[in-house]
>>> print(open('query-v5.tsv').read())   # TSV, C-alpha atoms and all ligand atoms
chain	number	residue	atom	x	y	z
A	6	MET	CA	0.00	0.00	0.00
A	7	ARG	CA	2.79	2.35	1.03
A	8	PHE	CA	4.62	1.36	-2.15
A	9	LEU	CA	1.51	2.08	-4.21
A	10	SER	CA	0.92	5.52	-2.70
A	11	GLY	CA	4.64	6.31	-3.13
A	12	LEU	CA	4.37	5.31	-6.76
A	13	LEU	CA	1.23	7.40	-7.23
A	14	LEU	CA	2.98	10.34	-5.60
A	15	ILE	CA	5.96	10.01	-7.95
A	16	MET	CA	3.58	9.74	-10.92
A	17	ALA	CA	1.67	12.83	-9.76
A	18	LEU	CA	4.82	14.86	-9.24
A	19	SER	CA	6.74	13.67	-12.27
A	20	PRO	CA	5.49	16.33	-14.71
A	21	LEU	CA	6.74	18.94	-12.23
A	22	VAL	CA	10.06	17.26	-11.53
A	23	ASN	CA	11.63	15.78	-14.59
A	24	ALA	CA	10.12	14.28	-17.70
A	25	GLY	CA	13.37	13.72	-19.59
A	26	PRO	CA	15.65	12.91	-21.03
A	27	LYS	CA	14.75	11.23	-24.28
A	28	THR	CA	17.60	10.29	-26.56
A	29	GLY	CA	17.97	10.77	-30.22
A	30	PRO	CA	18.54	11.94	-32.78
A	31	ALA	CA	14.96	10.77	-33.16
A	32	TYR	CA	11.38	11.87	-33.46
A	33	THR	CA	8.24	10.26	-32.11
A	34	GLU	CA	4.60	10.86	-32.83
A	35	GLU	CA	1.51	10.51	-30.61
A	36	PRO	CA	-2.12	11.65	-30.58
A	37	PHE	CA	-2.77	14.92	-28.70
A	38	GLY	CA	-6.57	15.12	-28.84
A	39	THR	CA	-9.34	15.94	-31.26
A	40	LEU	CA	-10.96	19.24	-32.25
A	41	ALA	CA	-14.77	19.66	-32.11
A	42	ASP	CA	-14.95	19.09	-35.90
A	43	GLY	CA	-13.19	15.73	-35.54
A	44	THR	CA	-9.72	16.89	-36.68
A	45	LYS	CA	-7.04	14.86	-34.96
A	46	ILE	CA	-4.14	16.79	-33.43
A	47	THR	CA	-0.73	15.11	-33.28
A	48	ALA	CA	2.22	15.77	-30.99
A	49	TYR	CA	5.78	15.22	-32.19
A	50	THR	CA	8.83	15.00	-29.99
A	51	LEU	CA	12.23	15.93	-31.37
A	52	ALA	CA	15.13	14.61	-29.28
A	53	ASN	CA	18.87	15.06	-29.72
A	54	THR	CA	21.73	12.86	-28.49
A	55	ASN	CA	22.22	14.92	-25.30
A	56	GLY	CA	18.72	14.12	-24.11
A	57	ALA	CA	17.29	17.56	-24.87
A	58	TRP	CA	13.87	17.44	-26.49
A	59	ALA	CA	10.93	19.50	-27.65
A	60	LYS	CA	7.29	18.56	-28.04
A	61	ILE	CA	5.37	20.35	-30.79
A	62	ILE	CA	1.72	19.93	-31.73
A	63	THR	CA	0.02	20.42	-35.08
A	64	TYR	CA	-2.51	22.81	-33.47
A	65	GLY	CA	-0.93	26.28	-33.73
A	66	GLY	CA	2.53	24.73	-34.20
A	67	ILE	CA	2.74	25.10	-30.43
A	68	VAL	CA	5.90	24.12	-28.56
A	69	THR	CA	4.20	22.48	-25.59
A	70	GLU	CA	7.36	21.21	-23.86
A	71	LEU	CA	11.06	21.96	-24.08
A	72	HIS	CA	13.45	19.96	-21.90
A	73	VAL	CA	17.04	21.12	-21.46
A	74	PRO	CA	19.68	20.33	-18.82
A	75	ASP	CA	20.81	22.58	-15.97
A	76	GLN	CA	24.44	22.90	-14.84
A	77	ASN	CA	24.18	19.60	-12.91
A	78	GLY	CA	22.74	17.73	-15.86
A	79	GLN	CA	19.18	17.82	-14.47
A	80	PHE	CA	16.54	18.23	-17.16
A	81	ASP	CA	13.45	20.35	-16.77
A	82	ASP	CA	10.68	21.64	-18.99
A	83	ILE	CA	11.34	25.35	-19.42
A	84	VAL	CA	8.25	26.56	-21.35
A	85	LEU	CA	4.75	27.27	-20.06
A	86	GLY	CA	1.92	25.21	-21.52
A	87	PHE	CA	-0.71	22.55	-21.00
A	88	ASP	CA	-0.67	18.77	-20.73
A	89	ASN	CA	-3.53	18.36	-23.16
A	90	LEU	CA	-5.38	19.95	-26.06
A	91	LYS	CA	-8.30	20.95	-23.84
A	92	GLY	CA	-6.04	23.44	-22.10
A	93	TYR	CA	-5.10	25.11	-25.37
A	94	LEU	CA	-8.70	25.13	-26.65
A	95	ALA	CA	-10.00	26.75	-23.47
A	96	GLY	CA	-8.15	29.93	-24.49
A	97	HIS	CA	-4.64	30.98	-23.52
A	98	PRO	CA	-2.26	33.89	-24.04
A	99	TYR	CA	-0.41	32.47	-27.08
A	100	PHE	CA	1.70	29.90	-25.16
A	101	GLY	CA	4.43	28.56	-27.48
A	102	CYS	CA	2.55	29.13	-30.73
A	103	ILE	CA	3.39	30.26	-34.22
A	104	THR	CA	2.00	33.79	-34.34
A	105	GLY	CA	0.75	35.33	-37.59
A	106	ARG	CA	-0.14	36.31	-40.29
A	107	VAL	CA	0.92	39.52	-38.56
A	108	ALA	CA	2.31	39.10	-35.07
A	109	ASN	CA	1.87	41.93	-32.55
A	110	ARG	CA	-0.46	44.90	-33.01
A	111	VAL	CA	-2.18	46.54	-35.98
A	112	ARG	CA	-3.65	49.94	-35.13
A	113	ASN	CA	-7.40	50.20	-35.71
A	114	ALA	CA	-7.23	46.67	-37.19
A	115	GLN	CA	-6.60	48.12	-40.63
A	116	PHE	CA	-3.86	49.09	-43.03
A	117	THR	CA	-3.58	50.56	-46.51
A	118	LEU	CA	-1.53	48.77	-49.13
A	119	ASP	CA	-1.08	49.96	-52.72
A	120	GLY	CA	-3.94	52.44	-52.21
A	121	LYS	CA	-6.43	49.90	-50.87
A	122	THR	CA	-7.54	49.74	-47.21
A	123	TYR	CA	-7.93	46.33	-45.60
A	124	LYS	CA	-9.89	45.67	-42.41
A	125	VAL	CA	-8.48	42.79	-40.34
A	126	GLY	CA	-9.79	40.85	-37.35
A	127	ALA	CA	-9.92	43.07	-34.25
A	128	THR	CA	-8.99	41.32	-31.01
A	129	ASN	CA	-7.72	44.06	-28.77
A	130	GLY	CA	-10.57	46.58	-28.54
A	131	GLU	CA	-10.61	48.15	-31.99
A	132	HIS	CA	-7.05	46.98	-32.70
A	133	SER	CA	-5.71	43.66	-33.91
A	134	LEU	CA	-3.26	41.47	-32.01
A	135	HIS	CA	-1.33	38.41	-33.19
A	136	GLY	CA	-3.11	37.74	-36.48
A	137	GLY	CA	-6.74	38.43	-35.56
A	138	ILE	CA	-9.59	36.39	-34.11
A	139	SER	CA	-8.36	33.10	-35.52
A	140	GLY	CA	-4.66	33.60	-36.18
A	141	PHE	CA	-1.99	31.04	-37.04
A	142	ASP	CA	-1.92	29.98	-33.36
A	143	LYS	CA	-5.36	28.39	-33.86
A	144	LYS	CA	-4.73	26.69	-37.21
A	145	VAL	CA	-3.99	23.04	-37.81
A	146	TRP	CA	-0.63	22.68	-39.54
A	147	LYS	CA	0.32	19.78	-41.82
A	148	ALA	CA	3.29	18.02	-40.28
A	149	GLU	CA	6.25	16.22	-41.76
A	150	PRO	CA	8.82	14.94	-39.27
A	151	MET	CA	12.30	14.15	-40.55
A	152	LEU	CA	15.88	13.51	-39.58
A	153	THR	CA	18.23	16.14	-40.98
A	154	ALA	CA	22.00	16.61	-40.73
A	155	ASP	CA	21.33	19.28	-38.05
A	156	GLY	CA	19.02	17.08	-35.99
A	157	PRO	CA	15.43	15.82	-35.88
A	158	ALA	CA	13.06	18.35	-37.45
A	159	LEU	CA	9.36	18.99	-37.91
A	160	LYS	CA	8.24	20.76	-41.06
A	161	LEU	CA	4.83	22.42	-40.56
A	162	SER	CA	2.87	23.80	-43.50
A	163	TYR	CA	-0.22	25.96	-43.63
A	164	THR	CA	-1.85	27.93	-46.43
A	165	SER	CA	-3.66	31.01	-45.23
A	166	ARG	CA	-6.36	31.70	-47.80
A	167	ASP	CA	-6.98	35.04	-49.49
A	168	LYS	CA	-9.08	37.25	-47.15
A	169	GLU	CA	-8.48	35.07	-44.08
A	170	GLU	CA	-8.82	37.50	-41.14
A	171	GLY	CA	-9.09	40.19	-43.84
A	172	TYR	CA	-5.54	39.76	-45.17
A	173	PRO	CA	-5.02	39.72	-48.96
A	174	GLY	CA	-3.46	36.85	-50.89
A	175	ASN	CA	-3.06	33.12	-50.46
A	176	LEU	CA	-0.05	32.86	-48.19
A	177	GLN	CA	1.82	29.56	-48.20
A	178	CYS	CA	3.76	29.18	-44.99
A	179	VAL	CA	6.31	26.60	-43.92
A	180	VAL	CA	7.75	26.65	-40.42
A	181	THR	CA	10.47	24.13	-39.57
A	182	TYR	CA	11.52	23.35	-36.02
A	183	THR	CA	14.89	21.59	-35.58
A	184	MET	CA	16.29	20.26	-32.31
A	185	THR	CA	19.99	20.59	-33.02
A	186	ALA	CA	22.84	18.45	-31.69
A	187	ASP	CA	24.10	21.43	-29.63
A	188	ASN	CA	20.83	21.96	-27.69
A	189	ALA	CA	19.25	24.66	-29.82
A	190	LEU	CA	15.68	24.86	-30.99
A	191	ARG	CA	16.00	26.40	-34.42
A	192	ILE	CA	12.92	27.83	-36.16
A	193	ASP	CA	13.01	28.56	-39.90
A	194	TYR	CA	10.05	30.40	-41.41
A	195	HIS	CA	9.31	30.60	-45.13
A	196	ALA	CA	6.32	32.13	-46.93
A	197	THR	CA	5.19	33.08	-50.43
A	198	THR	CA	2.08	34.90	-51.61
A	199	ASP	CA	0.01	35.47	-54.76
A	200	LYS	CA	-0.98	39.06	-53.77
A	201	PRO	CA	0.94	41.72	-51.84
A	202	THR	CA	0.34	41.25	-48.10
A	203	PRO	CA	1.93	42.08	-44.77
A	204	VAL	CA	3.67	39.12	-43.08
A	205	ASN	CA	5.29	39.09	-39.65
A	206	LEU	CA	5.74	35.68	-38.05
A	207	THR	CA	7.14	34.78	-34.67
A	208	ASN	CA	7.05	32.14	-31.97
A	209	HIS	CA	5.45	33.07	-28.67
A	210	SER	CA	7.16	30.70	-26.20
A	211	TYR	CA	7.02	31.68	-22.54
A	212	PHE	CA	10.38	30.74	-20.98
A	213	ASN	CA	11.20	30.15	-17.35
A	214	LEU	CA	14.74	28.78	-17.24
A	215	ALA	CA	14.23	27.43	-13.71
A	216	GLY	CA	11.33	25.32	-15.01
A	217	HIS	CA	7.82	26.26	-16.16
A	218	HIS	CA	6.52	25.67	-12.61
A	219	ALA	CA	9.26	27.66	-10.83
A	220	GLY	CA	7.49	30.97	-10.22
A	221	SER	CA	8.92	34.49	-10.54
A	222	ILE	CA	11.41	35.30	-13.30
A	223	GLY	CA	12.66	38.30	-11.30
A	224	GLU	CA	16.11	36.79	-10.80
A	225	HIS	CA	16.66	35.88	-14.45
A	226	ILE	CA	19.47	37.97	-15.91
A	227	LEU	CA	18.85	39.52	-19.31
A	228	GLN	CA	21.20	41.13	-21.76
A	229	LEU	CA	19.69	42.62	-24.92
A	230	ALA	CA	21.78	44.07	-27.73
A	231	ALA	CA	19.46	47.02	-28.31
A	232	GLU	CA	20.26	50.70	-28.10
A	233	GLN	CA	16.66	51.67	-28.85
A	234	PHE	CA	13.04	50.61	-28.58
A	235	THR	CA	9.84	51.61	-30.33
A	236	ALA	CA	7.92	53.94	-28.01
A	237	SER	CA	4.27	53.06	-27.55
A	238	ASP	CA	1.07	54.50	-26.15
A	239	GLU	CA	-0.94	53.10	-23.23
A	240	LEU	CA	-2.46	50.43	-25.51
A	241	LEU	CA	1.07	49.33	-26.53
A	242	LEU	CA	0.67	50.68	-30.06
A	243	PRO	CA	3.79	52.37	-31.43
A	244	THR	CA	3.78	56.15	-31.58
A	245	GLY	CA	6.30	55.96	-34.42
A	246	LYS	CA	9.13	57.30	-32.28
A	247	ILE	CA	12.27	55.21	-31.86
A	248	VAL	CA	13.95	56.18	-28.60
A	249	SER	CA	17.17	55.43	-26.77
A	250	VAL	CA	17.22	52.93	-23.89
A	251	ALA	CA	19.82	55.07	-22.08
A	252	ASN	CA	18.71	56.18	-18.59
A	253	THR	CA	15.50	54.14	-18.73
A	254	PRO	CA	14.46	50.91	-16.95
A	255	PHE	CA	14.45	49.39	-20.47
A	256	ASP	CA	18.23	49.41	-20.80
A	257	PHE	CA	19.48	45.80	-20.89
A	258	ARG	CA	22.75	46.49	-22.70
A	259	GLN	CA	24.53	45.23	-19.59
A	260	PRO	CA	23.32	41.97	-17.99
A	261	THR	CA	20.63	42.99	-15.46
A	262	ALA	CA	18.16	41.11	-13.27
A	263	VAL	CA	14.74	41.32	-14.91
A	264	GLY	CA	13.08	42.00	-11.55
A	265	LYS	CA	15.36	44.88	-10.62
A	266	ARG	CA	13.43	47.62	-12.45
A	267	LEU	CA	10.21	45.75	-13.23
A	268	GLN	CA	8.04	48.16	-11.24
A	269	GLU	CA	9.79	51.19	-12.76
A	270	ALA	CA	9.05	49.77	-16.21
A	271	GLY	CA	5.42	50.74	-15.50
A	272	GLY	CA	2.62	49.57	-17.76
A	273	LYS	CA	-0.86	48.26	-17.08
A	274	PRO	CA	-0.44	45.57	-15.88
A	275	VAL	CA	3.07	46.38	-14.73
A	276	GLY	CA	6.11	44.79	-16.39
A	277	TYR	CA	8.02	44.71	-19.66
A	278	ASP	CA	6.00	44.60	-22.87
A	279	LEU	CA	7.92	46.45	-25.54
A	280	ASN	CA	9.68	46.04	-28.85
A	281	TYR	CA	13.45	46.45	-28.91
A	282	VAL	CA	15.19	47.61	-32.06
A	283	THR	CA	18.12	45.27	-32.61
A	284	GLY	CA	18.61	46.45	-36.19
A	285	MET	CA	16.79	48.49	-38.81
A	286	GLN	CA	16.72	45.66	-41.38
A	287	PRO	CA	16.53	41.88	-41.25
A	288	THR	CA	19.89	40.16	-41.74
A	289	PRO	CA	20.57	37.21	-44.08
A	290	GLN	CA	22.08	35.18	-41.21
A	291	PRO	CA	20.81	35.03	-37.61
A	292	ARG	CA	22.80	37.17	-35.20
A	293	HIS	CA	23.02	37.09	-31.43
A	294	VAL	CA	20.57	39.63	-29.95
A	295	ALA	CA	19.78	38.45	-26.41
A	296	THR	CA	21.09	36.31	-23.56
A	297	LEU	CA	18.89	35.20	-20.70
A	298	SER	CA	20.33	33.27	-17.77
A	299	GLU	CA	19.03	31.85	-14.53
A	300	PRO	CA	21.52	31.87	-11.60
A	301	LYS	CA	20.19	28.90	-9.56
A	302	THR	CA	20.11	26.35	-12.38
A	303	GLY	CA	22.85	27.93	-14.47
A	304	ARG	CA	20.70	27.59	-17.59
A	305	ILE	CA	21.49	30.06	-20.34
A	306	LEU	CA	19.37	30.92	-23.37
A	307	LYS	CA	20.98	32.78	-26.24
A	308	VAL	CA	18.64	34.18	-28.88
A	309	LEU	CA	19.90	34.55	-32.42
A	310	THR	CA	17.68	35.95	-35.14
A	311	THR	CA	17.49	37.46	-38.60
A	312	GLU	CA	14.72	39.83	-37.36
A	313	PRO	CA	15.18	43.54	-36.60
A	314	GLY	CA	13.00	43.52	-33.45
A	315	VAL	CA	12.46	41.58	-30.24
A	316	GLN	CA	9.31	42.00	-28.15
A	317	LEU	CA	10.21	41.48	-24.50
A	318	TYR	CA	7.15	40.43	-22.53
A	319	THR	CA	7.31	39.35	-18.88
A	320	GLY	CA	3.95	37.61	-18.58
A	321	ASN	CA	2.30	40.74	-17.17
A	322	PHE	CA	-1.20	39.53	-18.04
A	323	LEU	CA	-0.72	36.16	-16.30
A	324	ASP	CA	-2.73	36.37	-13.09
A	325	GLY	CA	-2.80	32.89	-11.60
A	326	THR	CA	-6.08	31.93	-13.28
A	327	ILE	CA	-4.32	29.52	-15.65
A	328	THR	CA	-3.28	26.11	-14.37
A	329	GLY	CA	-0.84	24.48	-16.73
A	330	LYS	CA	1.25	21.34	-16.96
A	331	GLY	CA	1.36	19.13	-13.89
A	332	GLY	CA	-0.93	21.53	-11.99
A	333	ALA	CA	1.51	24.48	-12.16
A	334	VAL	CA	-0.24	27.79	-11.54
A	335	TYR	CA	1.02	30.53	-13.84
A	336	LYS	CA	1.09	33.78	-11.90
A	337	GLN	CA	2.15	37.24	-13.07
A	338	HIS	CA	5.83	37.54	-14.08
A	339	THR	CA	6.49	33.79	-14.11
A	340	ALA	CA	7.79	33.71	-17.69
A	341	ILE	CA	9.66	35.71	-20.28
A	342	CYS	CA	8.85	35.90	-23.98
A	343	LEU	CA	11.50	37.04	-26.44
A	344	GLU	CA	9.43	37.36	-29.61
A	345	THR	CA	11.75	37.93	-32.56
A	346	GLN	CA	9.86	39.83	-35.22
A	347	HIS	CA	9.46	43.01	-37.24
A	348	PHE	CA	8.19	45.99	-35.27
A	349	PRO	CA	4.56	46.26	-34.08
A	350	ASP	CA	2.11	48.02	-36.43
A	351	SER	CA	4.67	47.98	-39.26
A	352	ALA	CA	1.89	47.81	-41.85
A	353	ASN	CA	0.93	51.37	-40.82
A	354	ARG	CA	4.44	52.69	-40.27
A	355	PRO	CA	6.38	53.38	-43.47
A	356	GLU	CA	9.30	54.55	-41.30
A	357	PHE	CA	9.69	50.99	-39.88
A	358	PRO	CA	11.34	48.10	-41.80
A	359	SER	CA	8.72	46.86	-44.27
A	360	ILE	CA	6.69	43.69	-43.68
A	361	ILE	CA	5.12	43.70	-47.15
A	362	LEU	CA	5.64	40.50	-49.12
A	363	ARG	CA	4.92	40.60	-52.85
A	364	PRO	CA	4.33	37.78	-55.36
A	365	GLY	CA	7.65	36.38	-56.56
A	366	GLU	CA	9.38	37.25	-53.26
A	367	THR	CA	10.11	34.86	-50.40
A	368	TYR	CA	9.64	35.73	-46.75
A	369	ARG	CA	12.33	34.15	-44.60
A	370	GLN	CA	13.08	34.39	-40.93
A	371	THR	CA	15.29	32.24	-38.73
A	372	THR	CA	15.42	32.30	-34.94
A	373	ILE	CA	17.64	30.09	-32.82
A	374	TYR	CA	16.96	29.51	-29.14
A	375	GLN	CA	20.35	28.19	-28.07
A	376	PHE	CA	20.61	26.55	-24.64
A	377	SER	CA	23.73	25.98	-22.55
A	378	THR	CA	24.73	26.14	-18.90
A	379	ALA	CA	27.08	28.26	-16.82
A	380	LYS	CA	29.19	25.23	-15.86
A	381	LYS	CA	29.82	22.43	-18.32
B	401	LIG	C1	2.59	39.87	-26.62
B	401	LIG	C2	2.06	41.21	-26.38
B	401	LIG	C3	1.50	41.30	-25.01
B	401	LIG	C4	0.45	40.25	-24.79
B	401	LIG	C5	1.01	38.91	-25.09
B	401	LIG	C6	-0.05	37.85	-24.99
B	401	LIG	O1	3.74	39.64	-25.95
B	401	LIG	O2	3.01	42.23	-26.59
B	401	LIG	O3	0.95	42.58	-24.80
B	401	LIG	O4	-0.62	40.48	-25.66
B	401	LIG	O5	1.60	38.89	-26.37
B	401	LIG	O6	-0.76	37.91	-23.81
>>> encode(input="query-v5.tsv", output="structure tokens", more="lines below")
Ligand code: GLA
Amino acid sequence: MRFLSGLLLIMALSPLVNAGPKTGPAYTEEPFGTLADGTKITAYTLANTNGAWAKIITYGGIVTELHVPDQNGQFDDIVLGFDNLKGYLAGHPYFGCITGRVANRVRNAQFTLDGKTYKVGATNGEHSLHGGISGFDKKVWKAEPMLTADGPALKLSYTSRDKEEGYPGNLQCVVTYTMTADNALRIDYHATTDKPTPVNLTNHSYFNLAGHHAGSIGEHILQLAAEQFTASDELLLPTGKIVSVANTPFDFRQPTAVGKRLQEAGGKPVGYDLNYVTGMQPTPQPRHVATLSEPKTGRILKVLTTEPGVQLYTGNFLDGTITGKGGAVYKQHTAICLETQHFPDSANRPEFPSIILRPGETYRQTTIYQFSTAKK
């Protein structure tokens, strides 16, 4: 009896403690639930030879789990999420998903392109956030797992039809996740269109390097290679001004604890929710823009991207009403998003790097979430 209750206790705690490692290079496939219309959702795990692994589902291309070692070789799941599809269908703040067709905000849920005004799905009062009412985070992606020279990969494809959420053109998107041999989750985005359209894709993973269940991210240390950020109004829509981080609580040019100036950062609700300018144009190859580290576990996340902007978001809207994996309660400031992207409201801001994709052109973006530890 005592053995049985001990076993049950271990089983109950295991999602909180340690679900890894799996060994690869390999991928596996398992059912992850069914949508109301009968569509079956599949989960894929991508594991490398070090035992690091990611779980990704065909619904929203969501990274539901990401297991990486700490400095003592202990694995933990370092992204917020749910154990099952029901959690994602009940509504959630974009945990781990592919975000598009246009990530971030579109003022007044409209833009004018080549003289024509398009109305898009409004989600944020009269504005649009993260692709509209049913953005890429709620779409079912066609999946093709494979073993590549870089590691096990999952190629996800989705065609966003002309006028979907009001956006023009049939947009063919391919997003490939690769779990590399050196503990990076690499995301390659690719899109083509048959009519001019804005495109701005990102991944919206919520990281907590001490584990998704570990609570406050206040002690995480962040360094961000950005001299400037796009100033925004109280609804987080850009004013068009690009301002210096110098002498503001937004200056992360030197490694700084995220919690140190969190209150000074202001906002409603309080915390960081802003777009950093790491360049004024995308780059052909990903470059290192941010380093996040967690002192207790020694886990380090380096972010490399081709994108000119990074939205830093500290889970300000999390309020403890969401219970995630293994019963973890996600309270305010228990995760950090580093959303690599073009700037918010770019479709209405000719002064920002353009997000317009035209027929014959190819949209490409690559972001690498590279994990390591302080001690080897
Ligand atoms: C982004 C936004 C935030 C919030 C989250 C989702 O990070 O900038 O304001 O909308 O997504 O909750």
>>> atom_distance(input="query-v5.tsv", atom1="atom CA of Ser139 of chain A", atom2="atom CA of Tyr99 of chain A")
11.6 Å
>>> closest_residue(input="query-v5.tsv", among="A:Leu159, A:Ile103, A:Ala230, A:Ile373", to="ligand LIG 401 (chain B)", atoms="only C-alpha atoms and all ligand atoms")
A:Ile103
>>> closest_residue(input="query-v5.tsv", among="A:Ser162, A:Gln337, A:Asn321, A:Gln375", to="ligand LIG 401 (chain B)", atoms="only C-alpha atoms and all ligand atoms")
A:Asn321
>>> residues_near_ligand(input="query-v5.tsv", ligand="ligand LIG 401 (chain B)", cutoff="7 Å", atoms="only C-alpha atoms and all ligand atoms", output="compact mmCIF listing (two decimals) with C-alpha atoms, keeping the file's coordinate frame")
# COMPACT_ATOMS: atom_id res chain seq x y z
CA PRO A 98 -2.26 33.89 -24.04
CA TYR A 99 -0.41 32.47 -27.08
CA ASN A 109 1.87 41.93 -32.55
CA LEU A 134 -3.26 41.47 -32.01
CA LEU A 241 1.07 49.33 -26.53
CA ASP A 278 6.00 44.60 -22.87
CA LEU A 279 7.92 46.45 -25.54
CA GLN A 316 9.31 42.00 -28.15
CA LEU A 317 10.21 41.48 -24.50
CA TYR A 318 7.15 40.43 -22.53
CA PHE A 322 -1.20 39.53 -18.04
CA CYS A 342 8.85 35.90 -23.98
>>> residues_near_point(input="query-v5.tsv", point="(3.9, 24.7, -38.2)", cutoff="10 Å", atoms="all atoms listed in the file", output="ChimeraX atom specification")
/A:61-68,102-103,141-142,144-149,159-163,178-182,192,194
>>> closest_residue(input="query-v5.tsv", among="A:Gly223, A:Gly78, A:Gly120, A:Pro36", to="Pro300 of chain A", atoms="all atoms listed in the file")
A:Gly223
>>> atom_distance(input="query-v5.tsv", atom1="atom CA of Leu267 of chain A", atom2="atom CA of Ile222 of chain A")
10.5 Å
>>> atom_distance(input="query-v5.tsv", atom1="atom CA of Thr104 of chain A", atom2="atom CA of Tyr32 of chain A")
23.9 Å
>>> residues_around(input="query-v5.tsv", residues="Ala41 of chain A", least_positions_apart="5", cutoff="12 Å", atoms="all atoms listed in the file", output="JSON list (two decimals) with C-alpha atoms, in the frame of the given file")
[["chain", "number", "residue", "atom", "x", "y", "z"],
["A", 46, "ILE", "CA", -4.14, 16.79, -33.43],
["A", 90, "LEU", "CA", -5.38, 19.95, -26.06],
["A", 91, "LYS", "CA", -8.30, 20.95, -23.84],
["A", 94, "LEU", "CA", -8.70, 25.13, -26.65]]
>>> residues_around(input="query-v5.tsv", residues="Gly136 of chain A", least_positions_apart="3", cutoff="10 Å", atoms="only C-alpha atoms", output="list in words")
Thr104, Gly105, Arg106, Val107, Ala108, Asn109, Arg110, Val111, Ala114, Val125, Gly126, Ala127, Thr128, Ser133, Ser139, Gly140, Phe141, Asp142, Lys143, Glu169, Glu170, Gly171, Tyr172, Val204, Asn205 and Leu206 of chain A
>>> write_last_selection(input="query-v5.tsv", atoms="C-alpha atoms", output="short mmCIF file (atom, residue, chain, number, x, y, z; two decimals), keeping the file's coordinate frame")
data_model
loop_
_atom_site.label_atom_id
_atom_site.label_comp_id
_atom_site.auth_asym_id
_atom_site.auth_seq_id
_atom_site.Cartn_x
_atom_site.Cartn_y
_atom_site.Cartn_z
CA THR A 104 2.00 33.79 -34.34
CA GLY A 105 0.75 35.33 -37.59
CA ARG A 106 -0.14 36.31 -40.29
CA VAL A 107 0.92 39.52 -38.56
CA ALA A 108 2.31 39.10 -35.07
CA ASN A 109 1.87 41.93 -32.55
CA ARG A 110 -0.46 44.90 -33.01
CA VAL A 111 -2.18 46.54 -35.98
CA ALA A 114 -7.23 46.67 -37.19
CA VAL A 125 -8.48 42.79 -40.34
CA GLY A 126 -9.79 40.85 -37.35
CA ALA A 127 -9.92 43.07 -34.25
CA THR A 128 -8.99 41.32 -31.01
CA SER A 133 -5.71 43.66 -33.91
CA SER A 139 -8.36 33.10 -35.52
CA GLY A 140 -4.66 33.60 -36.18
CA PHE A 141 -1.99 31.04 -37.04
CA ASP A 142 -1.92 29.98 -33.36
CA LYS A 143 -5.36 28.39 -33.86
CA GLU A 169 -8.48 35.07 -44.08
CA GLU A 170 -8.82 37.50 -41.14
CA GLY A 171 -9.09 40.19 -43.84
CA TYR A 172 -5.54 39.76 -45.17
CA VAL A 204 3.67 39.12 -43.08
CA ASN A 205 5.29 39.09 -39.65
CA LEU A 206 5.74 35.68 -38.05
#
